[in-house]
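Have a look at the structure below before the remarks.
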Amino acid sequence: MPPAELRQWFAEHGWPGYRARQLFEAQRKYAASGEARITTWSAELCNQVFEELDWSWWQELQHWRDPEDATEKWVVTLRDGQRMQMVMIPDRDRRTLCVSSQVGCAMGCTFCSTGEMRLQRNLTGGEILGQILLVDRLLRDRGDRGLTNLVFMGMGEPLHNEYAVRTALDWIISTDGLGWSPDRVTISTVGIAAPLRRLIRESRVNLAISLHAARPDVRAGIVPAERGLPADELRALLLDEIRALRNRKLTFEVVLLAGINDSEDDARELIRYVSGLNAMVNLIPFNPWPGGRYSRPARPAVERFQRLLQDASISCFIRRTRGRNILAACGTLNTTEHAVPVDLVELSERS
Ligand code: SAH
Ligand code: SF4
């Protein structure tokens, strides 16, 4: 339930609305223990509330830490046995959680291991918010600082599960919940028109758009969602909303696949596409996964591509690969088989 609804729920039961805030605080405090309790409430109130509201949302956690760069990954078994993943990326004083919005994904991008799983089910708002509360608590319990940033770049397409994602966002930003500034949150999406427009108009989070190719034929070959919202219509939508996008970060993500979308022509089309949108470009060299059919371009090719964009005055960064030794890098999250890791060493050598 979104914060306002939970307040309402308490009111309908004859309890004051501030109980919603107390419930949230207790969930935050005991997020890692799984224990349902609120010490300041009477046993009677606890029983009544917990009879109707779920407290716990997971049954098992498996944890990996990349020895090379300290990236951490948790595979979470949900109450119905489905599994999803969360990745925590430490970077100096930042602690960024890569959040999942679905188990699997229906979008079927051809380079993405989560897409290969297909959609198993949507996560609930509670399961999305729960990821943040859980990892924040795990970090604090070991004396580390808590989470500082969130990116919806884990499993799933956030705008294909709009209500749950928006519910979790409400809790993240509301003062009844975490009270974070929206500029600490980035939603990454392949682009679904109506929910994208609503997100732009109704929130102030940062946006990362998974473009991957500005040429429609190239994009259609790797991002099936191009058939739903073609790149030119996506660009028109963003231009249309350019005022609402002011003062927040707009990024285009481009997974570079050797021989597919990494040519000079691709770069030129991308420059044309991005110009006038006040956006930056994040290049993500393809991360290999078992069964993936693409290869990562050599480093000089990636840098050449970057230079072409920079020469056109577009800020363009190459995303550093994090967590590749534990299959936690972008696009490699898959819970059908990886709870038992494949030969990770062999895989990281190939990249
Ligand atoms: N569904 C959303 C968010 C999750 S994917 C989206 O697609 O934007 C997060 C990012 O990882 C996306 O930009 C996605 O294109 C990228 N990605 C997917 N597979 C990848 C791979 N094998 N190597 C590198 N990046 C990948
Ligand atoms: Fe889904 Fe994003 Fe993977 Fe595409 S890249 S299949 S939208 S998770």
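Going through the structure tokens in order, the chains are called A, B, and so on, while each chain numbers its residues from 1 and the ligands are numbered from 1 in the order shown.
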
*Using only C-alpha atoms, which residues sit within 8 Å of Leu211 of chain A once same-chain residues fewer than 3 positions away are excluded, as a PyMOL selection string?*
chain A and resi 190+214+219+231+252-254

_Give me, as a ChimeraX atom specification, the set of residues whose atoms come within 7 Å of any atom of ligand 1, counting only C-alpha atoms and all ligand atoms._
/A:111-113,152-158,188-190,208-210,253-255,284-289,330-332

How about saving the chosen residues, N, CA and C atoms kept, as a PDB file, in the first residue's frame?
ATOM      1  N   PHE A 111      20.274  -9.189 -25.632  1.00  0.00           N
ATOM      2  CA  PHE A 111      21.603  -9.257 -24.993  1.00  0.00           C
ATOM      3  C   PHE A 111      21.501  -9.447 -23.490  1.00  0.00           C
ATOM      4  N   CYS A 112      20.267  -9.593 -22.972  1.00  0.00           N
ATOM      5  CA  CYS A 112      20.055  -9.520 -21.524  1.00  0.00           C
ATOM      6  C   CYS A 112      19.634 -10.873 -20.956  1.00  0.00           C
ATOM      7  N   SER A 113      20.348 -11.296 -19.949  1.00  0.00           N
ATOM      8  CA  SER A 113      20.089 -12.604 -19.356  1.00  0.00           C
ATOM      9  C   SER A 113      18.769 -12.633 -18.581  1.00  0.00           C
ATOM     10  N   PHE A 152      17.074   1.586 -10.429  1.00  0.00           N
ATOM     11  CA  PHE A 152      16.179   0.493 -10.825  1.00  0.00           C
ATOM     12  C   PHE A 152      16.772  -0.143 -12.076  1.00  0.00           C
ATOM     13  N   MET A 153      17.870  -0.871 -11.855  1.00  0.00           N
ATOM     14  CA  MET A 153      18.573  -1.509 -12.969  1.00  0.00           C
ATOM     15  C   MET A 153      18.800  -2.987 -12.692  1.00  0.00           C
ATOM     16  N   GLY A 154      18.043  -3.517 -11.748  1.00  0.00           N
ATOM     17  CA  GLY A 154      18.155  -4.949 -11.471  1.00  0.00           C
ATOM     18  C   GLY A 154      17.287  -5.729 -12.442  1.00  0.00           C
ATOM     19  N   MET A 155      16.646  -6.793 -11.940  1.00  0.00           N
ATOM     20  CA  MET A 155      15.814  -7.597 -12.827  1.00  0.00           C
ATOM     21  C   MET A 155      14.512  -6.861 -13.122  1.00  0.00           C
ATOM     22  N   GLY A 156      14.097  -6.931 -14.387  1.00  0.00           N
ATOM     23  CA  GLY A 156      12.767  -6.438 -14.729  1.00  0.00           C
ATOM     24  C   GLY A 156      12.727  -5.054 -15.333  1.00  0.00           C
ATOM     25  N   GLU A 157      11.581  -4.754 -15.927  1.00  0.00           N
ATOM     26  CA  GLU A 157      11.340  -3.444 -16.539  1.00  0.00           C
ATOM     27  C   GLU A 157      10.413  -2.662 -15.603  1.00  0.00           C
ATOM     28  N   PRO A 158      10.944  -1.639 -14.929  1.00  0.00           N
ATOM     29  CA  PRO A 158      10.144  -0.950 -13.910  1.00  0.00           C
ATOM     30  C   PRO A 158       8.825  -0.386 -14.428  1.00  0.00           C
ATOM     31  N   SER A 188      15.637   3.137 -14.642  1.00  0.00           N
ATOM     32  CA  SER A 188      16.133   2.773 -15.968  1.00  0.00           C
ATOM     33  C   SER A 188      15.031   2.043 -16.708  1.00  0.00           C
ATOM     34  N   THR A 189      14.755   2.480 -17.917  1.00  0.00           N
ATOM     35  CA  THR A 189      13.647   1.872 -18.675  1.00  0.00           C
ATOM     36  C   THR A 189      13.941   1.800 -20.159  1.00  0.00           C
ATOM     37  N   VAL A 190      13.323   0.787 -20.745  1.00  0.00           N
ATOM     38  CA  VAL A 190      13.443   0.590 -22.165  1.00  0.00           C
ATOM     39  C   VAL A 190      12.471   1.551 -22.888  1.00  0.00           C
ATOM     40  N   ALA A 208      17.020   6.998 -16.804  1.00  0.00           N
ATOM     41  CA  ALA A 208      17.997   6.408 -17.714  1.00  0.00           C
ATOM     42  C   ALA A 208      17.201   5.653 -18.772  1.00  0.00           C
ATOM     43  N   ILE A 209      17.409   6.007 -20.013  1.00  0.00           N
ATOM     44  CA  ILE A 209      16.639   5.386 -21.091  1.00  0.00           C
ATOM     45  C   ILE A 209      17.540   4.394 -21.829  1.00  0.00           C
ATOM     46  N   SER A 210      17.077   3.146 -21.873  1.00  0.00           N
ATOM     47  CA  SER A 210      17.852   2.103 -22.546  1.00  0.00           C
ATOM     48  C   SER A 210      17.600   2.192 -24.050  1.00  0.00           C
ATOM     49  N   GLU A 253      21.322   4.976 -22.147  1.00  0.00           N
ATOM     50  CA  GLU A 253      22.224   3.844 -21.979  1.00  0.00           C
ATOM     51  C   GLU A 253      22.388   3.128 -23.319  1.00  0.00           C
ATOM     52  N   VAL A 254      23.622   2.770 -23.590  1.00  0.00           N
ATOM     53  CA  VAL A 254      23.911   2.055 -24.834  1.00  0.00           C
ATOM     54  C   VAL A 254      24.813   0.867 -24.517  1.00  0.00           C
ATOM     55  N   VAL A 255      24.263  -0.321 -24.596  1.00  0.00           N
ATOM     56  CA  VAL A 255      25.074  -1.526 -24.430  1.00  0.00           C
ATOM     57  C   VAL A 255      25.836  -1.721 -25.731  1.00  0.00           C
ATOM     58  N   ILE A 284      27.806   1.018 -22.080  1.00  0.00           N
ATOM     59  CA  ILE A 284      27.998  -0.175 -21.242  1.00  0.00           C
ATOM     60  C   ILE A 284      28.554  -1.283 -22.135  1.00  0.00           C
ATOM     61  N   PRO A 285      29.858  -1.526 -22.059  1.00  0.00           N
ATOM     62  CA  PRO A 285      30.384  -2.640 -22.858  1.00  0.00           C
ATOM     63  C   PRO A 285      29.663  -3.928 -22.453  1.00  0.00           C
ATOM     64  N   PHE A 286      29.212  -4.667 -23.429  1.00  0.00           N
ATOM     65  CA  PHE A 286      28.420  -5.884 -23.183  1.00  0.00           C
ATOM     66  C   PHE A 286      29.060  -6.761 -22.107  1.00  0.00           C
ATOM     67  N   ASN A 287      28.248  -7.176 -21.147  1.00  0.00           N
ATOM     68  CA  ASN A 287      28.710  -8.128 -20.132  1.00  0.00           C
ATOM     69  C   ASN A 287      28.287  -9.528 -20.541  1.00  0.00           C
ATOM     70  N   PRO A 288      29.246 -10.410 -20.703  1.00  0.00           N
ATOM     71  CA  PRO A 288      28.897 -11.759 -21.156  1.00  0.00           C
ATOM     72  C   PRO A 288      28.208 -12.572 -20.065  1.00  0.00           C
ATOM     73  N   TRP A 289      27.371 -13.490 -20.469  1.00  0.00           N
ATOM     74  CA  TRP A 289      26.717 -14.415 -19.532  1.00  0.00           C
ATOM     75  C   TRP A 289      26.605 -15.752 -20.240  1.00  0.00           C
ATOM     76  N   CYS A 330      25.545  -5.582 -14.959  1.00  0.00           N
ATOM     77  CA  CYS A 330      24.327  -5.261 -15.725  1.00  0.00           C
ATOM     78  C   CYS A 330      24.001  -6.364 -16.709  1.00  0.00           C
ATOM     79  N   GLY A 331      22.751  -6.767 -16.705  1.00  0.00           N
ATOM     80  CA  GLY A 331      22.285  -7.687 -17.737  1.00  0.00           C
ATOM     81  C   GLY A 331      22.611  -9.149 -17.494  1.00  0.00           C
ATOM     82  N   THR A 332      23.296  -9.456 -16.386  1.00  0.00           N
ATOM     83  CA  THR A 332      23.665 -10.858 -16.163  1.00  0.00           C
ATOM     84  C   THR A 332      22.854 -11.480 -15.024  1.00  0.00           C
TER      85      THR A 332
END

*Any idea what's packed within 8 Å of segment 122-129 of chain A, counting only C-alpha atoms, ignoring anything in its chain fewer than 3 positions away? Could you give it as a list in words?*
Met1, Trp57, Val99, Ser100, Ser101, Gln102, Val103, Leu119, Ile132, Leu133, Asn161, Tyr163, Ala164, Val165, Arg166, Thr167, Ala168, Leu169, Trp171 and Ile172 of chain A

_Applying 8 Å and only C-alpha atoms, which residues near segment 8-21 of chain A remain after dropping the ones on its own chain fewer than 5 positions away? List them as a VMD selection string._
chain A and resid 3 176 to 177

Serialized selection, C-alpha atoms, as a compact mmCIF listing (two decimals), in the first residue's frame:
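The resulting out-v1.txt:
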# COMPACT_ATOMS: atom_id res chain seq x y z
CA PRO A 3 1.74 5.67 2.45
CA ASP A 176 6.13 9.02 6.17
CA GLY A 177 8.81 6.71 4.74

_I'd like to know which of A:Gly191, A:Gly34, A:Gly81, A:Pro2 is closest to ligand 2, using only C-alpha atoms and all ligand atoms._
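Closest residue, counting only C-alpha atoms and all ligand atoms: A:Gly191.
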
Give me the residues near Arg197 of chain A as a PDB file with C-alpha atoms, in the first residue's frame, where near means some atom within 9 Å (using only C-alpha atoms) and where sequence neighbours in that chain fewer than 6 positions away do not count.
ATOM      1  CA  LEU A 237       7.929  12.204 -26.093  1.00  0.00           C
ATOM      2  CA  LEU A 238      11.075  13.333 -24.275  1.00  0.00           C
ATOM      3  CA  GLU A 241       8.321  16.763 -21.712  1.00  0.00           C
TER       4      GLU A 241
END

_Atom pair atom CA of Asn47 of chain A / atom CA of Ala4 of chain A: separation (Å)_ = 22.1 Å

*One decimal, Å: what's the distance from atom 4 (Fe, counted along the ligand's line) of ligand 2 over to atom CA of Met107 of chain A, could you say?*
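Interatomic distance here is 5.1 Å.
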
_So that I can see what lies close to segment 296-301 of chain A, please list as a list of chain:residue names the residues with an atom at most 8 Å from it, counting only C-alpha atoms and leaving out residues fewer than 2 positions away in the same chain._
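Near neighbours after the sequence-gap exclusion: A:Leu256, A:Leu257, A:Ala258, A:Gly259, A:Asp262, A:Pro285, A:Phe286, A:Asn287, A:Pro288, A:Tyr294, A:Glu303, A:Arg304, A:Phe305, A:Ser351.
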
*Check the smallest atom-to-atom distance from each of A:Leu45, A:Cys316, A:Leu178, A:Ile192 to ligand 2 using only C-alpha atoms and all ligand atoms, then report the winner.*
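The closest residue to ligand 2 is A:Ile192.
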
*Find the residues around Met84 of chain A up to 7 Å (only C-alpha atoms counted), leave out those fewer than 4 positions away in its own chain, and share them as a list in words.*
Val75, Val76, Thr77, Val103 and Thr335 of chain A

Can I get the selection written as a compact mmCIF listing (two decimals), in the first residue's frame, with N, CA, C and O atoms?
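Everything below was put into again10.txt:
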# COMPACT_ATOMS: atom_id res chain seq x y z
N VAL A 75 20.82 -13.21 -3.63
CA VAL A 75 19.70 -13.87 -4.29
C VAL A 75 18.66 -14.09 -3.20
O VAL A 75 18.94 -14.68 -2.17
N VAL A 76 17.48 -13.55 -3.43
CA VAL A 76 16.43 -13.58 -2.42
C VAL A 76 15.36 -14.57 -2.85
O VAL A 76 14.81 -14.45 -3.95
N THR A 77 15.08 -15.55 -1.98
CA THR A 77 13.95 -16.44 -2.25
C THR A 77 12.72 -15.82 -1.61
O THR A 77 12.69 -15.57 -0.41
N VAL A 103 10.45 -10.47 -11.32
CA VAL A 103 11.24 -11.69 -11.44
C VAL A 103 11.25 -12.01 -12.92
O VAL A 103 10.21 -12.31 -13.50
N THR A 335 17.92 -15.78 -12.27
CA THR A 335 17.82 -16.66 -11.11
C THR A 335 17.35 -18.06 -11.48
O THR A 335 17.02 -18.84 -10.61

*Please, which residues of segment 184-326 of chain A, numbered as in this document, come out alpha helix (DSSP H) from DSSP, as a PyMOL selection string?*
chain A and resi 193-202+216-222+231-240+264-274+299-311

*Give the answer as one residue: which of A:Trp58, A:Thr96, A:Leu309, A:Pro224 has the shortest atom-to-atom distance to Arg79 of chain A, using only C-alpha atoms?*
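Using only C-alpha atoms, Arg79 of chain A sits closest to A:Trp58.
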
*asked:* Please return, as a ChimeraX atom specification, all residues of segment 139-343 of chain A that DSSP assigns to strand (DSSP E or B) on the basis of the backbone.
replied: /A:149-152,185-189,206-210,250-256,280-285,316-318

*From the set A:Ile38, A:Gly108, A:Leu78, A:Arg65, which residue has the shortest atom-to-atom contact distance to Pro90 of chain A, counting only C-alpha atoms?*
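Of the candidates, the smallest distance to Pro90 of chain A is held by A:Arg65.
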
_Residue with smallest distance to Asp183 of chain A - pool A:Gln48, A:Asn149, A:Asn334, A:Ser315, counting only C-alpha atoms_ =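 Looking only at the distances to Asp183 of chain A, the closest residue turns out to be A:Asn149.
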
*To one decimal place, how far is atom CA of Trp74 of chain A from atom CA of Gln62 of chain A in Å?*
5.4 Å
